[in-house]
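Below is the file data_34.csv, which contains CSV, C-alpha atoms.
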```
chain,number,residue,atom,x,y,z
H,985,MET,CA,-1.6,14.5,-18.0
H,986,LYS,CA,0.8,17.4,-18.9
H,987,THR,CA,4.5,16.5,-19.1
H,988,PHE,CA,6.7,19.2,-17.6
H,989,LYS,CA,9.9,19.7,-19.6
H,990,THR,CA,12.8,20.1,-17.1
H,991,ALA,CA,16.4,21.3,-17.0
H,992,VAL,CA,18.9,20.6,-14.3
H,993,ILE,CA,21.3,23.4,-13.8
H,994,GLY,CA,24.5,22.2,-12.1
H,995,CYS,CA,25.7,18.6,-12.7
H,996,GLY,CA,27.8,18.1,-9.6
H,997,MET,CA,27.4,15.5,-6.8
H,998,ILE,CA,23.8,16.3,-5.7
H,999,SER,CA,22.4,16.5,-9.2
H,1000,LYS,CA,22.6,12.7,-9.5
H,1001,ASN,CA,19.7,12.4,-7.0
H,1002,HIS,CA,17.7,14.7,-9.2
H,1003,PHE,CA,18.5,13.0,-12.5
H,1004,LYS,CA,17.7,9.6,-10.9
H,1005,ALA,CA,14.4,10.8,-9.5
H,1006,LEU,CA,13.3,12.5,-12.7
H,1007,LYS,CA,13.6,9.1,-14.5
H,1008,ASN,CA,10.9,7.8,-12.2
H,1009,VAL,CA,8.5,10.8,-12.4
H,1010,GLN,CA,5.7,10.1,-14.9
H,1011,ASN,CA,4.9,13.8,-15.6
H,1012,ALA,CA,8.4,15.1,-15.9
H,1013,GLU,CA,11.0,14.9,-18.7
H,1014,CYS,CA,14.5,16.2,-18.3
H,1015,ILE,CA,15.5,17.7,-21.7
H,1016,VAL,CA,18.7,19.7,-20.7
H,1017,ALA,CA,21.7,19.1,-18.5
H,1018,CYS,CA,23.5,22.3,-17.8
H,1019,ASP,CA,26.9,22.9,-16.3
H,1020,CYS,CA,29.6,25.5,-16.8
H,1021,LYS,CA,32.0,22.5,-17.2
H,1022,PRO,CA,31.0,20.9,-20.5
H,1023,GLU,CA,32.5,17.5,-19.6
H,1024,ARG,CA,30.2,17.3,-16.5
H,1025,ALA,CA,27.1,18.2,-18.6
H,1026,ARG,CA,28.0,15.6,-21.2
H,1027,ALA,CA,28.6,12.9,-18.6
H,1028,ALA,CA,25.2,13.6,-17.1
H,1029,ALA,CA,23.5,13.6,-20.5
H,1030,GLU,CA,25.1,10.3,-21.4
H,1031,SER,CA,24.3,8.6,-18.0
H,1032,TYR,CA,20.7,9.6,-17.9
H,1033,GLY,CA,19.7,9.8,-21.5
H,1034,ILE,CA,19.2,13.6,-21.7
H,1035,PRO,CA,19.0,14.9,-25.3
H,1036,ALA,CA,20.7,18.3,-24.9
H,1037,ILE,CA,23.5,19.9,-22.9
H,1038,GLU,CA,24.2,23.6,-22.2
H,1039,THR,CA,27.1,25.4,-20.5
H,1040,ASP,CA,25.3,28.8,-20.1
H,1041,TYR,CA,22.4,28.7,-17.7
H,1042,HIS,CA,21.0,31.9,-19.3
H,1043,LYS,CA,20.3,30.0,-22.5
H,1044,VAL,CA,18.4,27.4,-20.4
H,1045,LEU,CA,16.2,30.2,-19.0
H,1046,GLU,CA,15.6,31.6,-22.4
H,1047,ASN,CA,14.5,28.2,-23.8
H,1048,PRO,CA,10.7,28.3,-24.3
H,1049,GLU,CA,10.5,24.5,-24.0
H,1050,VAL,CA,11.7,24.4,-20.4
H,1051,ASP,CA,8.9,24.6,-17.8
H,1052,VAL,CA,10.9,23.8,-14.6
H,1053,VAL,CA,14.5,24.2,-13.6
H,1054,HIS,CA,16.3,22.2,-10.9
H,1055,ILE,CA,19.0,24.3,-9.2
H,1056,CYS,CA,21.9,22.1,-8.1
H,1057,LEU,CA,24.5,24.9,-7.9
H,1058,PRO,CA,26.9,26.0,-5.2
H,1059,HIS,CA,25.1,27.7,-2.3
H,1060,TYR,CA,25.9,31.3,-3.2
H,1061,LEU,CA,24.2,31.0,-6.6
H,1062,HIS,CA,20.9,29.5,-5.4
H,1063,ALA,CA,19.0,32.8,-4.8
H,1064,GLN,CA,20.4,34.6,-7.9
H,1065,VAL,CA,19.6,31.8,-10.4
H,1066,ALA,CA,16.3,31.0,-8.8
H,1067,MET,CA,15.1,34.6,-9.1
H,1068,GLU,CA,16.3,34.8,-12.7
H,1069,ALA,CA,14.5,31.6,-13.5
H,1070,MET,CA,11.2,32.7,-12.0
H,1071,GLU,CA,11.6,36.1,-13.8
H,1072,HIS,CA,11.7,34.0,-17.0
H,1073,GLY,CA,8.5,32.2,-16.0
H,1074,LYS,CA,10.1,29.0,-15.0
H,1075,HIS,CA,9.0,27.0,-12.0
H,1076,VAL,CA,12.0,26.3,-9.6
H,1077,LEU,CA,13.0,23.4,-7.5
H,1078,CYS,CA,16.1,24.5,-5.6
H,1079,GLU,CA,18.6,22.6,-3.5
H,1080,LYS,CA,19.2,23.6,0.1
H,1081,PRO,CA,20.0,26.1,1.5
H,1082,MET,CA,17.4,28.3,-0.1
H,1083,ALA,CA,19.8,31.3,0.1
H,1084,LEU,CA,22.8,32.4,2.2
H,1085,SER,CA,20.9,35.3,3.8
H,1086,PRO,CA,17.3,35.9,5.0
H,1087,GLU,CA,17.2,39.0,2.9
H,1088,ASP,CA,17.8,37.0,-0.3
H,1089,ALA,CA,15.4,34.3,0.8
H,1090,GLN,CA,12.7,36.9,1.2
H,1091,LYS,CA,13.4,38.3,-2.2
H,1092,MET,CA,12.9,34.9,-3.7
H,1093,ILE,CA,9.5,34.7,-2.1
H,1094,GLU,CA,8.6,38.1,-3.5
H,1095,VAL,CA,9.7,37.2,-7.0
H,1096,ARG,CA,7.7,33.9,-6.8
H,1097,ASP,CA,4.6,35.8,-5.8
H,1098,ARG,CA,5.0,38.4,-8.5
H,1099,THR,CA,5.6,35.9,-11.3
H,1100,GLY,CA,3.1,33.3,-10.2
H,1101,THR,CA,5.7,30.5,-10.4
H,1102,VAL,CA,6.0,27.6,-8.1
H,1103,LEU,CA,9.1,27.5,-5.8
H,1104,GLY,CA,10.2,24.4,-4.0
H,1105,ILE,CA,13.2,23.8,-1.7
H,1106,CYS,CA,14.8,20.4,-1.2
H,1107,PHE,CA,14.5,19.5,2.5
H,1108,GLN,CA,14.1,15.9,1.4
H,1109,ASN,CA,14.5,14.3,4.8
H,1110,ARG,CA,11.0,15.5,5.7
H,1111,TYR,CA,9.9,12.8,3.2
H,1112,ASN,CA,11.8,10.0,4.8
H,1113,ASP,CA,9.4,7.4,6.3
H,1114,ALA,CA,10.9,7.9,9.8
H,1115,SER,CA,10.4,11.7,9.6
H,1116,LYS,CA,6.8,11.3,8.4
H,1117,TYR,CA,6.0,8.9,11.2
H,1118,MET,CA,7.4,11.3,13.8
H,1119,ARG,CA,5.5,14.2,12.3
H,1120,ALA,CA,2.2,12.2,12.4
H,1121,LEU,CA,2.8,11.3,16.0
H,1122,MET,CA,3.5,14.9,17.0
H,1123,ASP,CA,0.4,16.1,15.1
H,1124,SER,CA,-1.8,13.6,16.8
H,1125,GLY,CA,-1.4,15.3,20.1
H,1126,LYS,CA,-0.7,12.1,21.9
H,1127,MET,CA,2.8,13.2,23.0
H,1128,GLY,CA,1.5,16.4,24.7
H,1129,LYS,CA,3.4,19.6,25.0
H,1130,VAL,CA,7.0,19.8,23.7
H,1131,LEU,CA,9.5,20.2,26.4
H,1132,GLY,CA,12.7,20.2,24.4
H,1133,ALA,CA,14.8,18.3,21.9
H,1134,ARG,CA,18.3,17.4,21.0
H,1135,GLY,CA,20.0,16.5,17.7
H,1136,ALA,CA,23.4,15.2,16.8
H,1137,VAL,CA,25.3,14.6,13.5
H,1138,PHE,CA,28.7,13.0,13.6
H,1139,TRP,CA,30.0,12.8,10.0
H,1140,ASN,CA,33.3,12.8,8.2
H,1141,ARG,CA,34.5,15.1,5.5
H,1142,ASN,CA,38.1,14.6,4.4
H,1143,PRO,CA,40.3,17.6,3.3
H,1144,GLU,CA,40.1,16.3,-0.3
H,1145,TYR,CA,36.3,17.0,-0.3
H,1146,TYR,CA,37.1,20.7,0.1
H,1147,THR,CA,40.4,21.0,-1.8
H,1148,GLY,CA,38.8,19.4,-4.9
H,1149,SER,CA,36.2,22.2,-5.0
H,1150,ASP,CA,36.4,25.9,-5.8
H,1151,TRP,CA,33.5,26.7,-3.5
H,1152,ARG,CA,33.2,24.2,-0.6
H,1153,GLY,CA,34.7,25.5,2.7
H,1154,THR,CA,34.6,29.1,1.6
H,1155,LEU,CA,32.6,31.7,3.6
H,1156,ASP,CA,31.4,33.7,0.6
H,1157,LYS,CA,30.3,30.7,-1.6
H,1158,GLU,CA,29.4,27.9,0.8
H,1159,GLY,CA,28.4,30.1,3.8
H,1160,GLY,CA,29.1,27.3,6.3
H,1161,SER,CA,30.1,23.7,6.2
H,1162,ALA,CA,29.2,21.2,9.0
H,1163,LEU,CA,25.9,22.9,9.8
H,1164,GLU,CA,25.0,24.7,6.6
H,1165,ASN,CA,25.8,21.9,4.2
H,1166,GLN,CA,25.7,18.6,6.1
H,1167,ALA,CA,23.7,18.8,9.3
H,1168,ILE,CA,21.1,21.3,7.9
H,1169,HIS,CA,18.6,18.5,7.3
H,1170,THR,CA,18.6,17.2,10.9
H,1171,PHE,CA,18.6,20.8,12.1
H,1172,ASP,CA,15.6,21.5,9.9
H,1173,LEU,CA,13.8,18.4,11.2
H,1174,MET,CA,14.2,19.6,14.7
H,1175,GLN,CA,12.4,22.8,14.2
H,1176,TRP,CA,9.8,21.3,11.8
H,1177,LEU,CA,8.8,18.6,14.3
H,1178,THR,CA,8.7,20.9,17.4
H,1179,VAL,CA,8.0,24.6,18.0
H,1180,PRO,CA,9.2,27.9,16.6
H,1181,ILE,CA,12.7,28.8,17.8
H,1182,ARG,CA,12.9,32.1,19.7
H,1183,THR,CA,16.5,32.4,20.9
H,1184,VAL,CA,19.8,31.0,19.5
H,1185,GLU,CA,23.2,30.9,21.2
H,1186,ALA,CA,26.0,29.0,19.4
H,1187,SER,CA,29.6,28.4,18.9
H,1188,CYS,CA,31.4,27.3,15.8
H,1189,SER,CA,35.0,26.1,15.4
H,1190,THR,CA,37.4,24.5,12.9
H,1191,LYS,CA,39.2,21.7,14.6
H,1192,ARG,CA,40.3,19.0,12.2
H,1193,LEU,CA,40.3,21.1,9.0
H,1194,LYS,CA,42.3,24.1,10.1
H,1195,GLY,CA,44.1,25.7,7.2
H,1196,VAL,CA,41.8,23.8,4.8
H,1197,ILE,CA,38.5,25.6,5.1
H,1198,GLU,CA,37.3,29.0,6.2
H,1199,THR,CA,34.1,27.6,7.5
H,1200,GLU,CA,33.3,25.4,10.6
H,1201,ASP,CA,33.8,21.7,10.9
H,1202,THR,CA,32.1,21.7,14.3
H,1203,CYS,CA,29.1,23.6,15.8
H,1204,ASP,CA,27.1,23.4,18.9
H,1205,VAL,CA,23.8,25.3,19.5
H,1206,PHE,CA,21.5,26.0,22.4
H,1207,MET,CA,18.0,27.3,21.6
H,1208,THR,CA,14.8,28.1,23.3
H,1209,GLY,CA,11.1,28.1,22.2
H,1210,PRO,CA,8.3,30.5,23.0
H,1211,ASP,CA,7.4,28.7,26.3
H,1212,GLY,CA,10.9,28.0,27.5
H,1213,GLU,CA,11.4,24.8,25.6
H,1214,ARG,CA,15.1,23.9,25.4
H,1215,PHE,CA,16.9,22.6,22.4
H,1216,THR,CA,20.5,21.5,21.9
H,1217,PHE,CA,22.2,20.6,18.6
H,1218,TYR,CA,25.7,19.4,17.9
H,1219,CYS,CA,27.3,18.6,14.6
H,1220,THR,CA,30.8,17.8,13.4
H,1221,ASN,CA,32.6,16.7,10.2
H,1222,CYS,CA,35.6,15.4,12.3
H,1223,TYR,CA,34.3,11.9,12.9
H,1224,VAL,CA,35.8,8.8,11.2
H,1225,LYS,CA,32.6,7.9,9.3
H,1226,ASN,CA,29.1,9.2,8.5
H,1227,ALA,CA,27.3,7.9,11.6
H,1228,PRO,CA,23.4,7.7,11.7
H,1229,VAL,CA,21.9,11.0,12.7
H,1230,GLU,CA,20.2,11.3,16.0
H,1231,LEU,CA,17.1,13.3,17.0
H,1232,GLU,CA,15.2,13.1,20.3
H,1233,ILE,CA,12.0,15.0,21.2
H,1234,VAL,CA,10.9,15.1,24.8
H,1235,CYS,CA,7.3,15.8,25.5
H,1236,GLU,CA,4.9,15.9,28.5
H,1237,ASN,CA,3.6,12.4,27.9
H,1238,GLY,CA,6.7,10.7,26.5
H,1239,SER,CA,9.5,10.9,24.0
H,1240,ILE,CA,10.5,10.1,20.4
H,1241,ARG,CA,14.0,9.2,19.5
H,1242,MET,CA,15.3,8.7,15.9
H,1243,VAL,CA,18.7,7.1,15.3
H,1244,GLY,CA,19.2,6.6,11.6
H,1245,ASN,CA,16.1,4.7,10.4
H,1246,LEU,CA,15.1,3.5,13.9
H,1247,VAL,CA,12.4,5.4,15.8
H,1248,THR,CA,11.8,4.6,19.4
H,1249,THR,CA,8.7,5.9,21.1
H,1250,GLU,CA,8.1,6.0,24.9
H,1251,LEU,CA,4.4,6.7,25.6
H,1252,ASP,CA,2.0,5.7,28.3
H,1253,GLY,CA,4.6,3.5,30.0
H,1254,LYS,CA,5.2,1.5,26.8
H,1255,THR,CA,8.3,1.5,24.6
H,1256,GLU,CA,8.0,0.7,20.9
H,1257,THR,CA,10.7,0.7,18.2
H,1258,LYS,CA,10.0,0.9,14.5
H,1259,ASP,CA,12.6,0.2,11.8
H,1260,PHE,CA,12.1,2.3,8.6
H,1261,SER,CA,15.1,0.8,6.9
H,1262,SER,CA,13.5,0.0,3.5
H,1263,GLY,CA,16.6,0.5,1.3
H,1264,THR,CA,17.8,3.7,-0.2
H,1265,VAL,CA,16.2,4.3,-3.6
H,1266,PHE,CA,17.6,7.8,-4.3
H,1267,GLY,CA,20.8,9.3,-2.9
H,1268,LYS,CA,23.1,8.3,-0.1
H,1269,ASP,CA,22.2,6.0,2.7
H,1270,TYR,CA,22.5,8.7,5.4
H,1271,TRP,CA,20.2,11.0,3.4
H,1272,GLY,CA,17.4,8.4,3.1
H,1273,SER,CA,15.2,8.1,0.1
H,1274,GLY,CA,13.5,11.5,0.4
H,1275,HIS,CA,14.8,13.1,-2.8
H,1276,GLY,CA,12.8,10.8,-5.0
H,1277,PHE,CA,9.6,11.3,-3.0
H,1278,LEU,CA,10.1,15.1,-2.7
H,1279,ILE,CA,10.6,15.5,-6.4
H,1280,GLU,CA,7.7,13.3,-7.3
H,1281,ASP,CA,5.5,15.3,-4.9
H,1282,TYR,CA,6.7,18.6,-6.4
H,1283,TYR,CA,5.5,17.5,-9.9
H,1284,ASN,CA,2.3,16.1,-8.6
H,1285,LYS,CA,1.5,19.4,-6.9
H,1286,LEU,CA,2.5,21.3,-10.0
H,1287,ALA,CA,0.1,19.3,-12.0
H,1288,SER,CA,-2.8,19.5,-9.6
H,1289,GLY,CA,-2.3,23.2,-8.6
H,1290,GLU,CA,-2.0,22.2,-5.0
H,1291,ARG,CA,0.6,24.0,-2.8
H,1292,PHE,CA,3.9,22.4,-2.5
H,1293,PRO,CA,4.6,22.0,1.2
H,1294,ILE,CA,8.2,23.2,1.3
H,1295,SER,CA,8.0,26.5,-0.4
H,1296,GLY,CA,9.6,29.8,0.5
H,1297,GLU,CA,7.7,30.4,3.7
H,1298,GLU,CA,8.8,27.0,5.2
H,1299,ALA,CA,12.4,27.0,3.9
H,1300,ILE,CA,13.2,30.6,5.0
H,1301,VAL,CA,12.9,29.4,8.6
H,1302,SER,CA,16.0,27.4,8.3
H,1303,VAL,CA,17.8,30.3,6.6
H,1304,GLN,CA,16.9,32.5,9.5
H,1305,LEU,CA,18.1,29.9,12.0
H,1306,LEU,CA,21.4,29.4,10.2
H,1307,HIS,CA,22.0,33.1,10.0
H,1308,ALA,CA,21.2,33.4,13.8
H,1309,VAL,CA,23.7,30.5,14.6
H,1310,TYR,CA,26.5,32.1,12.6
H,1311,THR,CA,25.8,35.6,13.9
H,1312,SER,CA,25.7,34.3,17.5
H,1313,ALA,CA,29.0,32.4,17.0
H,1314,LYS,CA,30.7,35.4,15.6
H,1315,THR,CA,29.4,38.0,18.1
H,1316,HIS,CA,29.3,35.7,21.2
H,1317,SER,CA,25.8,36.8,21.9
H,1318,VAL,CA,22.2,35.5,22.2
H,1319,ILE,CA,20.2,36.1,19.0
H,1320,SER,CA,16.5,36.7,19.3
H,1321,LEU,CA,14.1,35.5,16.5
H,1322,GLU,CA,11.0,37.1,18.0
```
Rewrite the structure from the file as structure tokens, please.
Amino acid sequence: MKTFKTAVIGCGMISKNHFKALKNVQNAECIVACDCKPERARAAAESYGIPAIETDYHKVLENPEVDVVHICLPHYLHAQVAMEAMEHGKHVLCEKPMALSPEDAQKMIEVRDRTGTVLGICFQNRYNDASKYMRALMDSGKMGKVLGARGAVFWNRNPEYYTGSDWRGTLDKEGGSALENQAIHTFDLMQWLTVPIRTVEASCSTKRLKGVIETEDTCDVFMTGPDGERFTFYCTNCYVKNAPVELEIVCENGSIRMVGNLVTTELDGKTETKDFSSGTVFGKDYWGSGHGFLIEDYYNKLASGERFPISGEEAIVSVQLLHAVYTSAKTHSVISLE
């Protein structure tokens, strides 16, 4: 079995999930930790037994030994570095969001196709046991036609989370906060588990973090599907803790409701609750264990030549939805995604 030599570009908070996961992937070996701040690269190398560090990502891309790069950089650098990496013949696994604009996301897909590289995007919550169970139930057809869904994320981000960073909370570098950075995974699950979104109407505001961030700490969204399905989504970083995320899907024959790791199904007059709390192997509790499973699957698909299921075509949907949300909130209008 081929062992893919890997480099992680960006050694901030989210990179820890990647470094930990790579230690458990049989056909991957991380050989470079890269960060513009040498102390962060050194800390990562020492913590995870990585033989080399680099402060210039261009040198990583020029390294002929590197097969795959993991992009764990601030949002505004995702598309740029991913495209440069693919131009150098490197396969890419990029953190969410794929890009800050649909145009850049589309360019990433075009570069991938031209270079023959494999592009993967980290929507790791699709790999959580609860999410996979819900998807299997929806795919079975037992639930019947989707009527609508609702999602809610009540989390906390203190001012220090933003003031200690040179990119979080900025419009040009983060793009958005409560929705773009925190609630994006639950937002993605809603569209992944239901139907294509056709219209978006939203409002975004900054309530608790006025004067600290340029982006939103609270957002509410109303959406419709192709047959009039109705979706509502609410997220905020103003709560006192990171509460379990909530997602409910209402269908003709019943409903599915996820609260954290608990999934309750109402179907044929019967109610069943399953607990998918199996301990968090990789990452934070409220993110689930998906990072490890996603990264392992990425390398397995890379080895087998099968298509990785969260490539550009899947991930660009969330970029388009986020763009529609922020455009609607700014213009006070309904955005069509037809």
Enumerate, as a PyMOL selection string, the protein, DNA and RNA residues whose atoms approach (20.4, 23.3, 26.7) to within 12 Å, taking into account all atoms listed in the file and the coordinate frame of the file.
chain H and resi 1131-1135+1183-1186+1204-1209+1212-1218
Counting only C-alpha atoms, figure out which residue out of H:Phe1260, H:Phe1003, H:Phe1138, H:Phe1292 gets nearest to Thr1248 (chain H).
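Among the listed residues, the smallest separation from Thr1248 (chain H) belongs to H:Phe1260.
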Using Å and a single decimal, report how far CA of Pro1180 (chain H) sits from CA of Met1067 (chain H).
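Calculated distance between CA of Met1067 (chain H) and CA of Pro1180 (chain H) is 27.2 Å.
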Within 10 Å of Lys986 (chain H), counting all atoms listed in the file, which residues show up once you throw out same-chain ones fewer than 4 positions away? Write them as a PyMOL selection string, please.
chain H and resi 1010-1012+1286-1287
Could you pull the residues within 12 Å of Val1009 (chain H), counting all atoms listed in the file, minus those fewer than 4 positions along the same chain, as a VMD selection string?
chain H and resid 987 to 990 1002 to 1005 1013 to 1014 1275 to 1284 1287
Could you state the separation of CA of Ala1063 (chain H) and CA of Asp1113 (chain H) in Å, given to one decimal place?
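Computing the Euclidean distance for CA of Ala1063 (chain H) and CA of Asp1113 (chain H) yields 29.3 Å.
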Expressed in Å, the length from CA of Arg1026 (chain H) to CA of Gly994 (chain H) is 11.8 Å
